[in-house]
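J.: Below is the file entry.pdb, which contains PDB, C-alpha atoms.
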```pdb
ATOM      1  CA  MET M 252      58.526  13.622  30.598  1.00  0.00           C
ATOM      2  CA  SER M 253      57.621  13.638  34.303  1.00  0.00           C
ATOM      3  CA  ALA M 254      54.402  12.128  35.615  1.00  0.00           C
ATOM      4  CA  VAL M 255      53.048  15.606  36.402  1.00  0.00           C
ATOM      5  CA  SER M 256      53.927  16.899  32.930  1.00  0.00           C
ATOM      6  CA  LEU M 257      52.392  13.810  31.325  1.00  0.00           C
ATOM      7  CA  LYS M 258      49.171  14.263  33.290  1.00  0.00           C
ATOM      8  CA  CYS M 259      49.018  17.947  32.347  1.00  0.00           C
ATOM      9  CA  THR M 260      49.573  17.196  28.658  1.00  0.00           C
ATOM     10  CA  PHE M 261      46.951  14.451  28.674  1.00  0.00           C
ATOM     11  CA  ILE M 262      44.302  16.625  30.338  1.00  0.00           C
ATOM     12  CA  LYS M 263      44.977  19.482  27.911  1.00  0.00           C
ATOM     13  CA  SER M 264      44.767  16.988  25.056  1.00  0.00           C
ATOM     14  CA  VAL M 265      41.413  15.618  26.184  1.00  0.00           C
ATOM     15  CA  MET M 266      40.084  19.170  26.397  1.00  0.00           C
ATOM     16  CA  SER M 267      41.299  19.858  22.862  1.00  0.00           C
ATOM     17  CA  GLY M 268      39.622  16.735  21.531  1.00  0.00           C
ATOM     18  CA  PHE M 269      36.414  17.735  23.273  1.00  0.00           C
ATOM     19  CA  LEU M 270      36.532  21.207  21.695  1.00  0.00           C
ATOM     20  CA  ILE M 271      37.191  19.762  18.246  1.00  0.00           C
ATOM     21  CA  GLY M 272      34.102  17.639  18.866  1.00  0.00           C
ATOM     22  CA  VAL M 273      32.103  20.785  19.592  1.00  0.00           C
ATOM     23  CA  GLY M 274      33.410  22.283  16.348  1.00  0.00           C
ATOM     24  CA  GLY M 275      32.492  19.108  14.477  1.00  0.00           C
ATOM     25  CA  THR M 276      29.007  19.183  15.966  1.00  0.00           C
ATOM     26  CA  VAL M 277      28.250  22.723  14.857  1.00  0.00           C
ATOM     27  CA  TYR M 278      29.693  21.975  11.421  1.00  0.00           C
ATOM     28  CA  LEU M 279      27.382  18.987  10.961  1.00  0.00           C
ATOM     29  CA  CYS M 280      24.428  20.997  12.286  1.00  0.00           C
ATOM     30  CA  THR M 281      24.937  23.802   9.793  1.00  0.00           C
ATOM     31  CA  ASP M 282      23.541  23.480   6.269  1.00  0.00           C
ATOM     32  CA  ASN M 283      25.524  26.469   5.019  1.00  0.00           C
ATOM     33  CA  LYS M 284      29.064  25.135   4.493  1.00  0.00           C
ATOM     34  CA  TYR M 285      30.610  28.609   4.719  1.00  0.00           C
ATOM     35  CA  MET M 286      29.059  29.319   8.087  1.00  0.00           C
ATOM     36  CA  GLY M 287      29.787  25.766   9.219  1.00  0.00           C
ATOM     37  CA  ALA M 288      33.474  26.093   8.364  1.00  0.00           C
ATOM     38  CA  LEU M 289      33.725  29.425  10.166  1.00  0.00           C
ATOM     39  CA  LEU M 290      32.027  28.120  13.302  1.00  0.00           C
ATOM     40  CA  PHE M 291      34.166  24.979  13.292  1.00  0.00           C
ATOM     41  CA  SER M 292      37.242  27.189  13.674  1.00  0.00           C
ATOM     42  CA  LEU M 293      36.025  28.173  17.157  1.00  0.00           C
ATOM     43  CA  GLY M 294      37.473  24.874  18.374  1.00  0.00           C
ATOM     44  CA  LEU M 295      41.048  25.599  17.259  1.00  0.00           C
ATOM     45  CA  PHE M 296      40.809  29.265  18.243  1.00  0.00           C
ATOM     46  CA  THR M 297      39.811  28.307  21.804  1.00  0.00           C
ATOM     47  CA  ILE M 298      42.473  25.602  22.008  1.00  0.00           C
ATOM     48  CA  ILE M 299      45.171  28.124  21.106  1.00  0.00           C
ATOM     49  CA  GLN M 300      43.819  30.819  23.417  1.00  0.00           C
ATOM     50  CA  PHE M 301      43.640  28.440  26.396  1.00  0.00           C
ATOM     51  CA  GLY M 302      46.956  26.749  25.672  1.00  0.00           C
ATOM     52  CA  PHE M 303      45.471  23.273  25.238  1.00  0.00           C
ATOM     53  CA  SER M 304      47.237  20.524  23.284  1.00  0.00           C
ATOM     54  CA  LEU M 305      46.146  19.435  19.808  1.00  0.00           C
ATOM     55  CA  PHE M 306      47.995  16.807  17.789  1.00  0.00           C
ATOM     56  CA  THR M 307      47.767  18.684  14.490  1.00  0.00           C
ATOM     57  CA  GLY M 308      48.988  21.838  16.200  1.00  0.00           C
ATOM     58  CA  LYS M 309      52.030  20.182  17.782  1.00  0.00           C
ATOM     59  CA  VAL M 310      53.223  17.554  15.327  1.00  0.00           C
ATOM     60  CA  GLY M 311      54.704  20.116  12.930  1.00  0.00           C
ATOM     61  CA  TYR M 312      57.265  21.181  15.530  1.00  0.00           C
ATOM     62  CA  ILE M 313      58.927  17.750  15.773  1.00  0.00           C
ATOM     63  CA  PRO M 314      61.864  18.829  13.532  1.00  0.00           C
ATOM     64  CA  GLU M 315      62.599  21.677  15.952  1.00  0.00           C
ATOM     65  CA  LYS M 316      62.378  19.640  19.172  1.00  0.00           C
ATOM     66  CA  LYS M 317      64.288  16.897  20.970  1.00  0.00           C
ATOM     67  CA  PRO M 318      63.369  13.243  20.208  1.00  0.00           C
ATOM     68  CA  CYS M 319      61.411  12.936  23.480  1.00  0.00           C
ATOM     69  CA  TYR M 320      58.927  15.440  22.040  1.00  0.00           C
ATOM     70  CA  ILE M 321      57.581  12.649  19.806  1.00  0.00           C
ATOM     71  CA  PHE M 322      56.266  10.879  22.909  1.00  0.00           C
ATOM     72  CA  ASP M 323      54.547  14.107  23.953  1.00  0.00           C
ATOM     73  CA  VAL M 324      52.880  14.300  20.524  1.00  0.00           C
ATOM     74  CA  ALA M 325      51.750  10.658  20.761  1.00  0.00           C
ATOM     75  CA  VAL M 326      50.201  11.249  24.195  1.00  0.00           C
ATOM     76  CA  THR M 327      48.510  14.327  22.790  1.00  0.00           C
ATOM     77  CA  PHE M 328      46.822  12.359  20.025  1.00  0.00           C
ATOM     78  CA  LEU M 329      45.565   9.706  22.457  1.00  0.00           C
ATOM     79  CA  GLY M 330      44.104  12.441  24.668  1.00  0.00           C
ATOM     80  CA  ASN M 331      42.556  14.145  21.639  1.00  0.00           C
ATOM     81  CA  ALA M 332      40.917  10.891  20.549  1.00  0.00           C
ATOM     82  CA  LEU M 333      39.518  10.329  24.029  1.00  0.00           C
ATOM     83  CA  GLY M 334      38.163  13.873  24.123  1.00  0.00           C
ATOM     84  CA  THR M 335      36.350  13.405  20.815  1.00  0.00           C
ATOM     85  CA  ALA M 336      34.932  10.099  22.076  1.00  0.00           C
ATOM     86  CA  VAL M 337      33.547  11.723  25.230  1.00  0.00           C
ATOM     87  CA  CYS M 338      32.038  14.597  23.257  1.00  0.00           C
ATOM     88  CA  ALA M 339      30.502  12.196  20.727  1.00  0.00           C
ATOM     89  CA  LEU M 340      29.088   9.985  23.483  1.00  0.00           C
ATOM     90  CA  LEU M 341      27.363  12.951  25.106  1.00  0.00           C
ATOM     91  CA  ILE M 342      26.050  14.355  21.823  1.00  0.00           C
ATOM     92  CA  ARG M 343      24.644  10.963  20.819  1.00  0.00           C
ATOM     93  CA  GLN M 344      22.353  11.037  23.861  1.00  0.00           C
ATOM     94  CA  THR M 345      20.596  14.157  22.562  1.00  0.00           C
ATOM     95  CA  ARG M 346      18.295  15.190  19.741  1.00  0.00           C
ATOM     96  CA  THR M 347      21.291  16.992  18.235  1.00  0.00           C
ATOM     97  CA  GLY M 348      22.991  13.620  17.984  1.00  0.00           C
ATOM     98  CA  GLU M 349      20.031  12.264  16.057  1.00  0.00           C
ATOM     99  CA  LEU M 350      20.163  15.315  13.787  1.00  0.00           C
ATOM    100  CA  ILE M 351      23.829  14.903  12.832  1.00  0.00           C
ATOM    101  CA  TYR M 352      24.039  11.088  12.805  1.00  0.00           C
ATOM    102  CA  ASP M 353      23.274  10.597   9.108  1.00  0.00           C
ATOM    103  CA  LYS M 354      25.644  13.400   8.110  1.00  0.00           C
ATOM    104  CA  ALA M 355      28.415  11.861  10.191  1.00  0.00           C
ATOM    105  CA  VAL M 356      27.851   8.438   8.641  1.00  0.00           C
ATOM    106  CA  SER M 357      27.987   9.966   5.166  1.00  0.00           C
ATOM    107  CA  ALA M 358      31.164  11.934   5.929  1.00  0.00           C
ATOM    108  CA  VAL M 359      32.920   8.897   7.379  1.00  0.00           C
ATOM    109  CA  SER M 360      31.873   6.734   4.432  1.00  0.00           C
ATOM    110  CA  VAL M 361      33.334   9.191   1.914  1.00  0.00           C
ATOM    111  CA  LYS M 362      36.622   9.389   3.789  1.00  0.00           C
ATOM    112  CA  THR M 363      37.132   5.718   4.610  1.00  0.00           C
ATOM    113  CA  GLU M 364      36.169   4.439   1.157  1.00  0.00           C
ATOM    114  CA  ASP M 365      38.685   6.763  -0.498  1.00  0.00           C
ATOM    115  CA  SER M 366      41.950   5.360  -1.866  1.00  0.00           C
ATOM    116  CA  PHE M 367      44.989   5.227   0.429  1.00  0.00           C
ATOM    117  CA  ILE M 368      46.990   7.755  -1.580  1.00  0.00           C
ATOM    118  CA  SER M 369      44.059  10.175  -1.656  1.00  0.00           C
ATOM    119  CA  GLN M 370      43.570   9.835   2.111  1.00  0.00           C
ATOM    120  CA  LEU M 371      47.259  10.479   2.687  1.00  0.00           C
ATOM    121  CA  ILE M 372      47.508  13.521   0.431  1.00  0.00           C
ATOM    122  CA  LEU M 373      44.328  15.103   1.811  1.00  0.00           C
ATOM    123  CA  ALA M 374      45.680  14.596   5.338  1.00  0.00           C
ATOM    124  CA  PHE M 375      49.035  16.090   4.275  1.00  0.00           C
ATOM    125  CA  PHE M 376      47.429  19.367   3.207  1.00  0.00           C
ATOM    126  CA  CYS M 377      45.355  19.519   6.377  1.00  0.00           C
ATOM    127  CA  GLY M 378      48.474  19.058   8.505  1.00  0.00           C
ATOM    128  CA  MET M 379      50.225  21.863   6.636  1.00  0.00           C
ATOM    129  CA  LEU M 380      47.278  24.213   7.154  1.00  0.00           C
ATOM    130  CA  MET M 381      47.090  23.431  10.874  1.00  0.00           C
ATOM    131  CA  TYR M 382      50.773  24.234  11.250  1.00  0.00           C
ATOM    132  CA  ILE M 383      50.146  27.530   9.446  1.00  0.00           C
ATOM    133  CA  ALA M 384      47.234  28.349  11.782  1.00  0.00           C
ATOM    134  CA  VAL M 385      49.230  27.683  14.954  1.00  0.00           C
ATOM    135  CA  GLU M 386      52.311  29.472  13.657  1.00  0.00           C
ATOM    136  CA  ASN M 387      50.168  32.453  12.619  1.00  0.00           C
ATOM    137  CA  ALA M 388      48.725  32.620  16.130  1.00  0.00           C
ATOM    138  CA  GLY M 389      52.155  32.556  17.733  1.00  0.00           C
ATOM    139  CA  ARG M 390      53.597  35.263  15.502  1.00  0.00           C
ATOM    140  CA  CYS M 391      50.542  37.486  15.884  1.00  0.00           C
ATOM    141  CA  ARG M 392      50.687  37.098  19.671  1.00  0.00           C
ATOM    142  CA  GLU M 393      54.326  38.228  19.685  1.00  0.00           C
ATOM    143  CA  LYS M 394      53.356  41.377  17.775  1.00  0.00           C
ATOM    144  CA  ALA M 395      50.056  41.934  19.645  1.00  0.00           C
ATOM    145  CA  LEU M 396      48.088  41.658  16.402  1.00  0.00           C
ATOM    146  CA  ASP M 397      44.871  40.274  17.860  1.00  0.00           C
ATOM    147  CA  LEU M 398      42.659  40.788  14.808  1.00  0.00           C
ATOM    148  CA  SER M 399      45.264  39.267  12.508  1.00  0.00           C
ATOM    149  CA  ALA M 400      45.417  36.249  14.811  1.00  0.00           C
ATOM    150  CA  VAL M 401      41.693  35.648  14.339  1.00  0.00           C
ATOM    151  CA  PHE M 402      42.040  35.563  10.559  1.00  0.00           C
ATOM    152  CA  GLY M 403      45.322  33.661  10.745  1.00  0.00           C
ATOM    153  CA  ILE M 404      43.666  30.879  12.738  1.00  0.00           C
ATOM    154  CA  CYS M 405      40.234  30.785  11.134  1.00  0.00           C
ATOM    155  CA  PHE M 406      41.200  30.963   7.461  1.00  0.00           C
ATOM    156  CA  PRO M 407      43.396  27.817   7.422  1.00  0.00           C
ATOM    157  CA  VAL M 408      40.620  25.896   9.180  1.00  0.00           C
ATOM    158  CA  MET M 409      38.030  27.097   6.699  1.00  0.00           C
ATOM    159  CA  VAL M 410      40.289  26.181   3.780  1.00  0.00           C
ATOM    160  CA  PHE M 411      40.825  22.617   4.992  1.00  0.00           C
ATOM    161  CA  ILE M 412      37.076  22.151   5.441  1.00  0.00           C
ATOM    162  CA  PHE M 413      36.162  23.624   2.046  1.00  0.00           C
ATOM    163  CA  CYS M 414      38.729  21.399   0.350  1.00  0.00           C
ATOM    164  CA  GLY M 415      37.679  18.246   2.190  1.00  0.00           C
ATOM    165  CA  PHE M 416      41.112  17.675   3.707  1.00  0.00           C
ATOM    166  CA  ASN M 417      41.458  14.988   6.385  1.00  0.00           C
ATOM    167  CA  HIS M 418      41.919  16.081   9.995  1.00  0.00           C
ATOM    168  CA  SER M 419      42.690  13.002  12.119  1.00  0.00           C
ATOM    169  CA  VAL M 420      41.189  14.377  15.339  1.00  0.00           C
ATOM    170  CA  ALA M 421      38.023  15.784  13.762  1.00  0.00           C
ATOM    171  CA  ASP M 422      37.593  12.533  11.861  1.00  0.00           C
ATOM    172  CA  CYS M 423      37.807  10.616  15.154  1.00  0.00           C
ATOM    173  CA  PHE M 424      34.795  12.620  16.293  1.00  0.00           C
ATOM    174  CA  TYR M 425      32.820  11.908  13.122  1.00  0.00           C
ATOM    175  CA  ILE M 426      33.594   8.209  13.481  1.00  0.00           C
ATOM    176  CA  PHE M 427      32.505   8.119  17.136  1.00  0.00           C
ATOM    177  CA  VAL M 428      29.260   9.937  16.278  1.00  0.00           C
ATOM    178  CA  SER M 429      28.486   7.469  13.486  1.00  0.00           C
ATOM    179  CA  LYS M 430      29.267   3.736  13.569  1.00  0.00           C
ATOM    180  CA  PRO M 431      32.799   3.070  14.850  1.00  0.00           C
ATOM    181  CA  GLU M 432      34.332   0.008  13.217  1.00  0.00           C
ATOM    182  CA  LEU M 433      37.702  -1.663  13.619  1.00  0.00           C
ATOM    183  CA  SER M 434      38.465  -0.945   9.969  1.00  0.00           C
ATOM    184  CA  HIS M 435      38.343   2.777  10.734  1.00  0.00           C
ATOM    185  CA  VAL M 436      41.564   2.445  12.725  1.00  0.00           C
ATOM    186  CA  LEU M 437      43.569   2.063   9.521  1.00  0.00           C
ATOM    187  CA  TYR M 438      42.028   5.230   8.094  1.00  0.00           C
ATOM    188  CA  ILE M 439      42.844   7.199  11.252  1.00  0.00           C
ATOM    189  CA  LEU M 440      46.442   5.943  11.220  1.00  0.00           C
ATOM    190  CA  THR M 441      46.726   7.096   7.600  1.00  0.00           C
ATOM    191  CA  ALA M 442      45.296  10.499   8.523  1.00  0.00           C
ATOM    192  CA  VAL M 443      47.679  10.777  11.471  1.00  0.00           C
ATOM    193  CA  PHE M 444      50.665   9.981   9.247  1.00  0.00           C
ATOM    194  CA  GLY M 445      49.509  12.412   6.563  1.00  0.00           C
ATOM    195  CA  ASN M 446      48.870  15.172   9.106  1.00  0.00           C
ATOM    196  CA  ALA M 447      52.349  14.615  10.524  1.00  0.00           C
ATOM    197  CA  LEU M 448      53.998  14.852   7.105  1.00  0.00           C
ATOM    198  CA  GLY M 449      52.036  17.978   6.237  1.00  0.00           C
ATOM    199  CA  GLY M 450      52.661  19.600   9.593  1.00  0.00           C
ATOM    200  CA  MET M 451      56.412  19.084   9.307  1.00  0.00           C
ATOM    201  CA  PHE M 452      56.629  20.118   5.657  1.00  0.00           C
ATOM    202  CA  ILE M 453      57.152  23.865   6.165  1.00  0.00           C
ATOM    203  CA  PRO M 454      59.518  23.498   9.171  1.00  0.00           C
ATOM    204  CA  VAL M 455      61.683  21.037   7.221  1.00  0.00           C
ATOM    205  CA  MET M 456      61.765  23.322   4.190  1.00  0.00           C
ATOM    206  CA  LYS M 457      62.699  26.242   6.453  1.00  0.00           C
ATOM    207  CA  LYS M 458      65.608  24.217   7.838  1.00  0.00           C
ATOM    208  CA  LEU M 459      66.825  23.397   4.344  1.00  0.00           C
ATOM    209  CA  TYR M 460      66.996  26.989   3.115  1.00  0.00           C
ATOM    210  CA  ALA M 461      68.252  28.257   6.502  1.00  0.00           C
ATOM    211  CA  ASP M 462      71.270  25.963   6.218  1.00  0.00           C
ATOM    212  CA  LYS M 463      72.287  27.495   2.890  1.00  0.00           C
TER     213      LYS M 463
END
```
Translate this file's structure into structure tokens.
T.:
Amino acid sequence: MSAVSLKCTFIKSVMSGFLIGVGGTVYLCTDNKYMGALLFSLGLFTIIQFGFSLFTGKVGYIPEKKPCYIFDVAVTFLGNALGTAVCALLIRQTRTGELIYDKAVSAVSVKTEDSFISQLILAFFCGMLMYIAVENAGRCREKALDLSAVFGICFPVMVFIFCGFNHSVADCFYIFVSKPELSHVLYILTAVFGNALGGMFIPVMKKLYADK
């Protein structure tokens, strides 16, 4: 990856993290979980429309790419994390930050105090759903099915929120809004690993039956 390409990927990744932070903010601000889940999906929808880089949207394509793509995915996650941190820092300076603080603390507590296997499995399903959302968007764009793309992106996001699945980037935002602790790093690494496994699940299965 060239220096220019690396810079471009990193900037797009920071923007994605920032947008996920915006989605996380509106989700925490909304008492109605159905409306909150729908509004949260604005983050991913915008990321796809603008061509930004999101870890959970890219990691699933590792089986289809060259080994150097893994470095691109790693840079993407670092940029995403930074973007969520910037968004959280800004939000915390406002009355909105005060409004969502307790909810963020509660959400982080539930996730980090969960068992390792539960964290991993919940992250796995989230990764799979994010791959589905991005793949839906790509296929709908090829066929000019704009309305289908909206549903194809929003529904997987809503499902992962309703089910309480673990999204590593969104969880970075919740952690930065609440009380970041060193122990949270282990949780995020688990979520990253689970998201990666889930994201690659369908592509790997497709390769297996395609080789038959």
J.: Any chance you could resolve the PyMOL selection byres ((chain M and resi 437) around 12) against this file and give the residues as a count of residues only?
T.: 21
J.: Expand the PyMOL selection byres ((chain M and resi 301-312) around 10) into the individual residues it matches in the shown file, reporting them as a CSV table (one decimal) with C-alpha atoms, keeping the file's coordinate frame.
T.:
```
chain,number,residue,atom,x,y,z
M,259,CYS,CA,49.0,17.9,32.3
M,260,THR,CA,49.6,17.2,28.7
M,261,PHE,CA,47.0,14.5,28.7
M,262,ILE,CA,44.3,16.6,30.3
M,263,LYS,CA,45.0,19.5,27.9
M,264,SER,CA,44.8,17.0,25.1
M,265,VAL,CA,41.4,15.6,26.2
M,266,MET,CA,40.1,19.2,26.4
M,267,SER,CA,41.3,19.9,22.9
M,268,GLY,CA,39.6,16.7,21.5
M,270,LEU,CA,36.5,21.2,21.7
M,271,ILE,CA,37.2,19.8,18.2
M,295,LEU,CA,41.0,25.6,17.3
M,296,PHE,CA,40.8,29.3,18.2
M,297,THR,CA,39.8,28.3,21.8
M,298,ILE,CA,42.5,25.6,22.0
M,299,ILE,CA,45.2,28.1,21.1
M,300,GLN,CA,43.8,30.8,23.4
M,313,ILE,CA,58.9,17.8,15.8
M,314,PRO,CA,61.9,18.8,13.5
M,315,GLU,CA,62.6,21.7,16.0
M,316,LYS,CA,62.4,19.6,19.2
M,317,LYS,CA,64.3,16.9,21.0
M,320,TYR,CA,58.9,15.4,22.0
M,321,ILE,CA,57.6,12.6,19.8
M,323,ASP,CA,54.5,14.1,24.0
M,324,VAL,CA,52.9,14.3,20.5
M,325,ALA,CA,51.8,10.7,20.8
M,326,VAL,CA,50.2,11.2,24.2
M,327,THR,CA,48.5,14.3,22.8
M,328,PHE,CA,46.8,12.4,20.0
M,329,LEU,CA,45.6,9.7,22.5
M,330,GLY,CA,44.1,12.4,24.7
M,331,ASN,CA,42.6,14.1,21.6
M,332,ALA,CA,40.9,10.9,20.5
M,377,CYS,CA,45.4,19.5,6.4
M,378,GLY,CA,48.5,19.1,8.5
M,379,MET,CA,50.2,21.9,6.6
M,380,LEU,CA,47.3,24.2,7.2
M,381,MET,CA,47.1,23.4,10.9
M,382,TYR,CA,50.8,24.2,11.2
M,383,ILE,CA,50.1,27.5,9.4
M,384,ALA,CA,47.2,28.3,11.8
M,385,VAL,CA,49.2,27.7,15.0
M,386,GLU,CA,52.3,29.5,13.7
M,418,HIS,CA,41.9,16.1,10.0
M,419,SER,CA,42.7,13.0,12.1
M,420,VAL,CA,41.2,14.4,15.3
M,443,VAL,CA,47.7,10.8,11.5
M,446,ASN,CA,48.9,15.2,9.1
M,447,ALA,CA,52.3,14.6,10.5
M,448,LEU,CA,54.0,14.9,7.1
M,449,GLY,CA,52.0,18.0,6.2
M,450,GLY,CA,52.7,19.6,9.6
M,451,MET,CA,56.4,19.1,9.3
M,452,PHE,CA,56.6,20.1,5.7
M,453,ILE,CA,57.2,23.9,6.2
M,454,PRO,CA,59.5,23.5,9.2
M,455,VAL,CA,61.7,21.0,7.2
```
J.: Identify, on the basis of all atoms listed in the file, every residue whose closest approach to M:Asp397 does not exceed 9 Å; exclude the query and any residue fewer than 5 positions from it along the same chain; express the result as an MDAnalysis selection string.
T.: chainID M and resid 388 391:392
J.: Once the PyMOL selection byres ((chain M and resi 352) around 12) has been applied to the shown file, what residues remain in the selection, as a PyMOL selection string?
T.: chain M and resi 275-276+279-280+339-340+342-351+353-359+424-430
J.: Could you tell me, as a list in words, which residues have any atom at most 7 Å from (33.3, 25.4, 0.6), counting all atoms listed in the file?
T.: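 Neighbouring residues, ordered by chain and number, come to Lys284, Tyr285, Ile412, Phe413 and Cys414 of chain M.
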J.: Report the distance between atom CA of M:Ser360 and atom CA of M:Pro407 in Å, rounded to one decimal place.
T.: 24.2 Å
J.: Hey, can you check how far atom CA of M:Cys338 sits from atom CA of M:Val273?
T.: 7.2 Å
